[in-house]
Amino acid sequence: MTGSNQLISVHPDELKFHFELEKQSFCDLKVVNNTEHHVAFKVKTTSPKKYFVRPNTGVIQPWDTCFIRVTLQAQSEYPPDMHCKDKFLLQSTIVPPHTDLDELPPDTFNKDGGKIIEECKLKVVYMPASAHGNSDDEELRSSKQSPENNSALQHLKDERDSAVQQTQQLQQELDMLKRRRYRKSDPGFSFTFALFVGLIGIMVGFLLNLLLSSPST
């Protein structure tokens, strides 16, 4: 499902976390600028101590896309009936062309003075960790692997997850460089751009290699 308004679209329209005690969980949001304007956004939550949002504020170029990672901090107890009342609010507004994040005025998202501030509300859903790991558990049970093989399989999965996360981080850095090139000419950009594209290619290749080399049932 998609949360949409005139300025931006948010995918998905709710934050789903695989909840497991004493472990972090994350959910990624894709925010799309649907206009020819520069659009600033800000993410708010009713429980700021429970979540880490990166980035929580930004400026999206015309027709461009931004990815936001919301991390649920490790929790020491389960919520009643796995029900979560936390809410997120993503505000957006048009800003002058080539506005940098550091240049946003403190009152950018204030509604005073007739300024148009659009809001997208997102609810939070907790899912049992077992729902996320059913396929892996069934794979381990059916294959009856030894503890050594189980350890090796878990190591491969950890490496795969790490490769995915690093690739996403590199993509965000690449998007940031692209936005900087949009604002001003940078003589060193071509080399940096090529370097990051190469790194992303390496990480994707590494991920594919891990997937192909993972033990099959």
# chains A, B, ... in the order shown; residues from 1 in each chain; ligands from 1
call {"tool": "residues_around", "arguments": {"residues": "Gly201 of chain A", "least_positions_apart": "5", "cutoff": "9 Å", "atoms": "only C-alpha atoms", "output": "JSON, numbers by chain"}}
result
{"A": [167, 196, 206]}
call {"tool": "residues_around", "arguments": {"residues": "Arg54 of chain A", "least_positions_apart": "5", "cutoff": "8 Å", "atoms": "only C-alpha atoms", "output": "ChimeraX atom specification"}}
result
/A:68-70
call {"tool": "closest_residue", "arguments": {"among": "A:Val204, A:Lys123, A:Met176, A:Asn56", "to": "Pro12 of chain A", "atoms": "only C-alpha atoms"}}
result
A:Lys123
call {"tool": "atom_distance", "arguments": {"atom1": "atom CA of Val125 of chain A", "atom2": "atom CA of Gly58 of chain A"}}
result
24.9 Å
call {"tool": "closest_residue", "arguments": {"among": "A:Cys27, A:Val53, A:Leu21, A:Leu90", "to": "Gln75 of chain A", "atoms": "only C-alpha atoms"}}
result
A:Leu21
call {"tool": "atom_distance", "arguments": {"atom1": "atom CA of Leu72 of chain A", "atom2": "atom CA of Asp161 of chain A"}}
result
16.9 Å
call {"tool": "closest_residue", "arguments": {"among": "A:Tyr78, A:Tyr126, A:Leu104, A:Ile94", "to": "Glu22 of chain A", "atoms": "only C-alpha atoms"}}
result
A:Tyr78
call {"tool": "atom_distance", "arguments": {"atom1": "atom CA of Leu122 of chain A", "atom2": "atom CA of His37 of chain A"}}
result
23.8 Å
call {"tool": "select_by_dssp", "arguments": {"residues": "segment 87-138 of chain A", "states": "strand (DSSP E)", "output": "list in words"}}
result
Lys87, Phe88, Leu89, Leu90, Gln91, Ser92, Thr93, Ile94, Val95, Glu118, Glu119, Cys120, Lys121, Leu122, Lys123, Val124, Val125, Tyr126, Met127 and Pro128 of chain A
call {"tool": "residues_around", "arguments": {"residues": "Val32 of chain A", "least_positions_apart": "3", "cutoff": "9 Å", "atoms": "only C-alpha atoms", "output": "JSON, numbers by chain"}}
result
{"A": [7, 8, 9, 10, 11, 60, 63, 64, 65, 66, 67]}
call {"tool": "closest_residue", "arguments": {"among": "A:Glu36, A:Gly205, A:Val59, A:Pro80", "to": "Asp175 of chain A", "atoms": "only C-alpha atoms"}}
result
A:Val59
call {"tool": "closest_residue", "arguments": {"among": "A:Val124, A:Ile117, A:Leu101, A:Val95", "to": "Thr45 of chain A", "atoms": "only C-alpha atoms"}}
result
A:Val124
